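Shown next: my_file-v3.txt, containing compact mmCIF, C-alpha atoms.
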# COMPACT_ATOMS: atom_id res chain seq x y z
CA MET A 27 5.52 11.53 79.57
CA THR A 28 7.06 9.13 77.06
CA GLU A 29 6.44 11.69 74.30
CA ARG A 30 9.25 13.86 75.65
CA VAL A 31 11.64 10.93 75.86
CA ALA A 32 10.64 9.85 72.34
CA HIS A 33 11.48 13.36 71.18
CA LEU A 34 14.86 13.04 72.93
CA ILE A 35 15.59 9.77 71.09
CA HIS A 36 14.56 11.31 67.76
CA THR A 37 16.84 14.27 68.51
CA ILE A 38 19.78 11.94 69.13
CA ARG A 39 19.00 10.13 65.89
CA ALA A 40 18.95 13.39 63.92
CA TYR A 41 22.17 14.52 65.58
CA TYR A 42 24.01 11.28 64.76
CA GLU A 43 22.66 11.24 61.20
CA GLY A 44 24.21 14.67 60.68
CA LEU A 45 27.71 13.55 61.69
CA ALA A 46 30.42 12.45 59.27
CA ILE A 47 31.74 9.16 60.67
CA ALA A 48 34.84 7.63 59.09
CA ASP A 49 35.71 4.95 61.66
CA ALA A 50 34.15 1.62 60.63
CA ALA A 51 33.57 0.32 64.17
CA VAL A 52 31.93 3.58 65.24
CA LYS A 53 29.77 3.64 62.10
CA ARG A 54 28.66 0.06 62.75
CA GLU A 55 27.56 0.90 66.31
CA VAL A 56 25.80 4.08 65.21
CA ASP A 57 23.95 2.21 62.45
CA HIS A 58 22.91 -0.46 64.96
CA MET A 59 21.49 2.16 67.33
CA LEU A 60 19.70 3.96 64.52
CA SER A 61 18.14 0.71 63.32
CA SER A 62 17.04 -0.18 66.86
CA THR A 63 15.28 3.15 67.37
CA GLU A 64 13.34 3.33 64.12
CA MET A 65 10.28 1.97 65.96
CA LEU A 66 9.86 2.71 69.67
CA ASP A 67 8.09 0.34 72.07
CA PRO A 68 7.00 2.41 75.11
CA VAL A 69 7.09 1.05 78.65
CA ALA A 70 4.69 2.21 81.37
CA PRO A 71 6.55 4.60 83.71
CA SER A 72 7.35 3.25 87.16
CA GLY A 73 6.81 5.09 90.44
CA ASN A 74 9.18 6.08 93.24
CA ARG A 75 11.78 7.56 90.89
CA VAL A 76 14.63 8.97 92.98
CA ASN A 77 17.61 10.43 91.15
CA ALA A 78 21.18 9.69 92.23
CA GLY A 79 22.95 12.59 93.88
CA ALA A 80 25.14 13.11 90.82
CA VAL A 81 22.19 14.72 89.03
CA LYS A 82 23.33 17.97 90.67
CA HIS A 83 26.02 18.11 87.94
CA LEU A 84 23.49 18.01 85.09
CA PRO A 85 22.68 21.75 84.74
CA ALA A 86 26.35 22.69 84.27
CA ALA A 87 26.84 19.81 81.83
CA LEU A 88 23.82 20.88 79.78
CA ASP A 89 25.04 24.49 79.71
CA ALA A 90 28.41 23.27 78.40
CA THR A 91 26.74 21.03 75.80
CA ARG A 92 24.73 23.97 74.48
CA LYS A 93 27.99 25.70 73.55
CA GLY A 94 28.78 22.95 71.05
CA PRO A 95 27.07 20.99 68.26
CA GLY A 96 25.00 19.00 70.76
CA ARG A 97 22.78 21.97 71.67
CA ALA A 98 19.60 20.32 70.39
CA VAL A 99 20.34 17.19 72.45
CA ALA A 100 20.88 19.31 75.57
CA ASP A 101 17.58 21.09 75.01
CA ALA A 102 15.78 17.76 74.53
CA ILE A 103 17.31 16.37 77.75
CA ALA A 104 16.16 19.48 79.63
CA ALA A 105 12.66 19.20 78.17
CA ALA A 106 12.41 15.55 79.28
CA GLN A 107 14.14 16.04 82.61
CA ASP A 108 11.08 15.21 84.75
CA ASP A 109 10.74 11.89 82.90
CA LEU A 110 14.37 10.78 83.25
CA LEU A 111 15.85 8.65 86.03
CA TRP A 112 19.54 9.09 86.86
CA TYR A 113 20.95 6.15 88.81
CA TYR A 114 24.22 4.60 89.93
CA GLY A 115 24.13 0.87 89.28
CA TYR A 116 27.23 -0.48 91.02
CA ALA A 117 27.18 -2.12 94.45
CA PRO A 118 28.83 -0.10 97.26
CA ARG A 119 32.51 -0.85 97.79
CA PRO A 120 33.55 -1.04 101.46
CA GLY A 121 35.91 1.70 102.54
CA GLU A 122 35.42 3.80 99.41
CA ARG A 123 33.40 6.98 98.78
CA ASP A 124 29.83 6.92 97.57
CA LEU A 125 30.35 7.41 93.84
CA SER A 126 26.60 7.87 93.28
CA GLN A 127 27.11 11.49 94.34
CA ASP A 128 29.30 12.15 91.31
CA ILE A 129 28.60 9.41 88.73
CA ALA A 130 25.18 8.56 87.29
CA PHE A 131 23.59 6.95 84.27
CA CYS A 132 20.27 7.57 82.57
CA GLU A 133 18.95 4.83 80.32
CA ILE A 134 16.18 5.83 77.94
CA LEU A 135 16.01 2.59 75.93
CA GLY A 136 16.93 -0.94 76.96
CA PRO A 137 15.75 -4.47 77.74
CA THR A 138 14.59 -3.81 81.32
CA THR A 139 14.88 -0.07 82.04
CA GLY A 140 14.18 3.21 80.31
CA SER A 141 11.04 4.62 78.77
CA PHE A 142 11.31 2.37 75.71
CA ARG A 143 12.05 -1.34 75.36
CA SER A 144 14.73 -2.90 73.14
CA ALA A 145 16.00 -6.47 73.10
CA ASP A 146 19.30 -5.66 71.41
CA THR A 147 20.31 -2.09 72.31
CA ARG A 148 20.81 0.10 75.34
CA LEU A 149 20.83 3.86 74.86
CA GLY A 150 21.33 6.53 77.47
CA PHE A 151 23.66 9.04 79.08
CA THR A 152 26.64 9.03 81.43
CA LEU A 153 27.16 11.98 83.79
CA ILE A 154 30.36 12.44 85.82
CA GLY A 155 31.17 15.37 88.08
CA PRO A 156 34.36 17.45 87.97
CA ARG A 157 37.70 16.03 89.12
CA MET A 158 36.37 12.48 89.32
CA HIS A 159 37.83 9.07 88.49
CA TYR A 160 35.38 6.50 87.13
CA PRO A 161 37.26 3.30 88.03
CA ALA A 162 38.31 0.67 85.50
CA HIS A 163 35.39 -1.56 84.56
CA SER A 164 34.29 -3.85 81.76
CA HIS A 165 31.24 -5.59 80.38
CA PRO A 166 30.49 -8.10 77.63
CA ALA A 167 28.57 -5.53 75.58
CA ALA A 168 30.32 -3.45 72.97
CA GLU A 169 29.94 0.20 73.95
CA LEU A 170 30.01 3.47 72.05
CA TYR A 171 30.28 6.84 73.77
CA HIS A 172 29.81 10.25 72.20
CA LEU A 173 31.16 13.05 74.35
CA LEU A 174 28.82 16.04 74.64
CA ALA A 175 30.56 18.01 77.40
CA GLY A 176 33.71 17.81 79.49
CA SER A 177 37.20 17.43 78.03
CA SER A 178 38.56 14.38 79.83
CA THR A 179 41.00 11.48 79.88
CA TRP A 180 39.73 8.07 78.76
CA ILE A 181 41.79 4.99 79.61
CA LYS A 182 41.14 1.99 77.36
CA ALA A 183 43.04 -1.24 78.10
CA GLY A 184 45.42 0.81 80.24
CA GLU A 185 46.18 3.37 77.51
CA PRO A 186 45.09 6.97 78.23
CA SER A 187 43.91 9.40 75.56
CA ARG A 188 42.46 12.88 75.68
CA LYS A 189 38.92 13.36 74.39
CA THR A 190 36.97 16.54 73.75
CA PRO A 191 33.28 17.20 73.04
CA GLY A 192 32.30 15.79 69.66
CA ASP A 193 34.58 12.74 69.96
CA PHE A 194 33.38 9.14 69.75
CA ILE A 195 34.97 6.50 72.00
CA PHE A 196 34.43 2.82 71.14
CA HIS A 197 35.02 0.03 73.67
CA PRO A 198 34.90 -3.52 72.24
CA SER A 199 33.42 -6.33 74.29
CA GLY A 200 35.33 -7.07 77.50
CA VAL A 201 37.87 -4.26 77.17
CA SER A 202 38.81 -2.46 80.39
CA HIS A 203 38.05 1.26 80.42
CA ALA A 204 38.02 4.16 82.88
CA MET A 205 37.50 7.92 82.75
CA GLU A 206 38.98 10.94 84.53
CA THR A 207 37.32 14.34 84.36
CA ASP A 208 38.95 17.76 84.49
CA ASP A 209 37.42 20.79 86.20
CA ALA A 210 34.08 20.45 84.38
CA SER A 211 31.33 17.84 84.38
CA LEU A 212 31.27 15.16 81.70
CA LEU A 213 28.11 14.30 79.79
CA SER A 214 28.06 11.65 77.08
CA ILE A 215 25.63 9.56 75.08
CA TYR A 216 26.26 5.83 75.35
CA SER A 217 24.92 2.84 73.46
CA TRP A 218 25.45 -0.89 74.00
CA SER A 219 25.20 -3.75 71.51
CA GLY A 220 25.82 -7.49 71.71
CA ASP A 221 25.36 -8.95 75.21
CA ILE A 222 23.39 -6.08 76.71
CA ILE A 223 22.05 -8.15 79.62
CA SER A 224 25.26 -8.89 81.56
CA ARG A 225 26.15 -6.12 83.98
CA SER A 226 29.20 -3.89 84.09
CA THR A 227 31.66 -4.70 86.89
CA TYR A 228 34.61 -2.91 88.44
CA LEU A 229 37.95 -4.62 87.88
CA ALA A 230 39.58 -3.65 91.19

Mind turning the file's structure into structure tokens?
Amino acid sequence: MTERVAHLIHTIRAYYEGLAIADAAVKREVDHMLSSTEMLDPVAPSGNRVNAGAVKHLPAALDATRKGPGRAVADAIAAAQDDLLWYYGYAPRPGERDLSQDIAFCEILGPTTGSFRSADTRLGFTLIGPRMHYPAHSHPAAELYHLLAGSSTWIKAGEPSRKTPGDFIFHPSGVSHAMETDDASLLSIYSWSGDIISRSTYLA
């Protein structure tokens, strides 16, 4: 039911509100998300919800998240699990593996998907299995990630950097970015602002 997803959104809000954020760009994106989720506009749930194969990585990612400051978020995801849809939104690429088995997204608020509607914000989760490369991609929306589980390498505009749970990663509009996981699954919160309608596309 939407009540469980609403509780999940409120849990994310409380978690973010408890963080000390010094970076101005990150603070701006967090404030935008918080403003967009003050009032929630529920959407009637759709039928035939089939999760992408990558959802098999979720239990391990939630267990890892519970070991850090995001425990309450992990518990809220688990409580709402039957109401969440994990999907892989990219078109198949000929000759390459089916990434839907190891990469998935779950949108809980957005203009066309999720349990709640927003015209100016997308909010959800990214899940990536162990030892995976999420290829370079970009989108017009500005994007903010908050890493809940899975120390990993993030490549922004060709420059790699190591990130650990608790880190924010901000991608301005149109900037190329990719991710590489270690031996554990990655789980992160994401939010989009700006042009949230145009889709993300792979760059190669």

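Note that the spacing between atom CA of A:Glu55 and atom CA of A:Arg92 amounts to 24.6 Å.
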
Next item on the list: Point out the residue among A:Val69, A:Ile215, A:Ala210, A:Leu153 with the least atom-to-atom distance to A:Leu173, counting all atoms listed in the file.
Entry: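 Smallest separation from A:Leu173 among the options: A:Ile215.
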
Extending 6 Å beyond the listed atoms of stretch 202-205 of chain A on each side, what axis-aligned box results? I want centre and edge lengths in Å to one decimal, as lines of an AutoDock Vina configuration file.
center_x = 38.2
center_y = 2.7
center_z = 81.6
size_x = 13.3
size_y = 22.4
size_z = 14.5

Margin query: If we count all atoms listed in the file and set the cut-off at 12 Å, which residues sit around A:Glu64, ignoring sequence neighbours fewer than 2 positions away in its own chain? Please answer as a list in words.
Written below: Ala32, Ile35, His36, Ile38, Arg39, Ala40, Asp57, His58, Met59, Leu60, Ser61, Ser62, Leu66, Asp67, Phe142 and Ser144 of chain A

Check: What separation in Å, quoted to one decimal, exists between atom CA of A:Asn77 and atom CA of A:Lys189?
Finding: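 According to the coordinates, atom CA of A:Asn77 and atom CA of A:Lys189 are separated by 27.3 Å.
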
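Candidate residues A:Thr207, A:Ser141, A:Thr63, A:Ser164 were compared for distance to A:Ser226, and the nearest is A:Ser164, using all atoms listed in the file.
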
Check: Hey, can you check how far atom CA of A:Asp109 sits from atom CA of A:Tyr41?
Finding: 20.9 Å

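Close to (36.4, 15.5, 78.3), meaning no more than 9 Å away when counting only C-alpha atoms, sit the residues A:Leu173, A:Leu174, A:Ala175, A:Gly176, A:Ser177, A:Ser178, A:Thr179, A:Trp180, A:Arg188, A:Lys189, A:Thr190, A:Pro191, A:Asp193, A:Met205, A:Glu206, A:Thr207, A:Asp208, A:Ala210, A:Ser211, A:Leu212, A:Leu213.
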
Next item on the list: Could you tell me which of A:Arg143, A:His83, A:His165, A:Lys93 comes closest to A:Phe131 if we count only C-alpha atoms?
Entry: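 Once distances to A:Phe131 are computed over only C-alpha atoms, the minimum belongs to A:His83.
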
Notebook entry, point to check: Using only C-alpha atoms, which residues sit within 9 Å of A:Gly184 once same-chain residues fewer than 4 positions away are excluded, as an MDAnalysis selection string?
Noted result: chainID A and resid 162 202:204
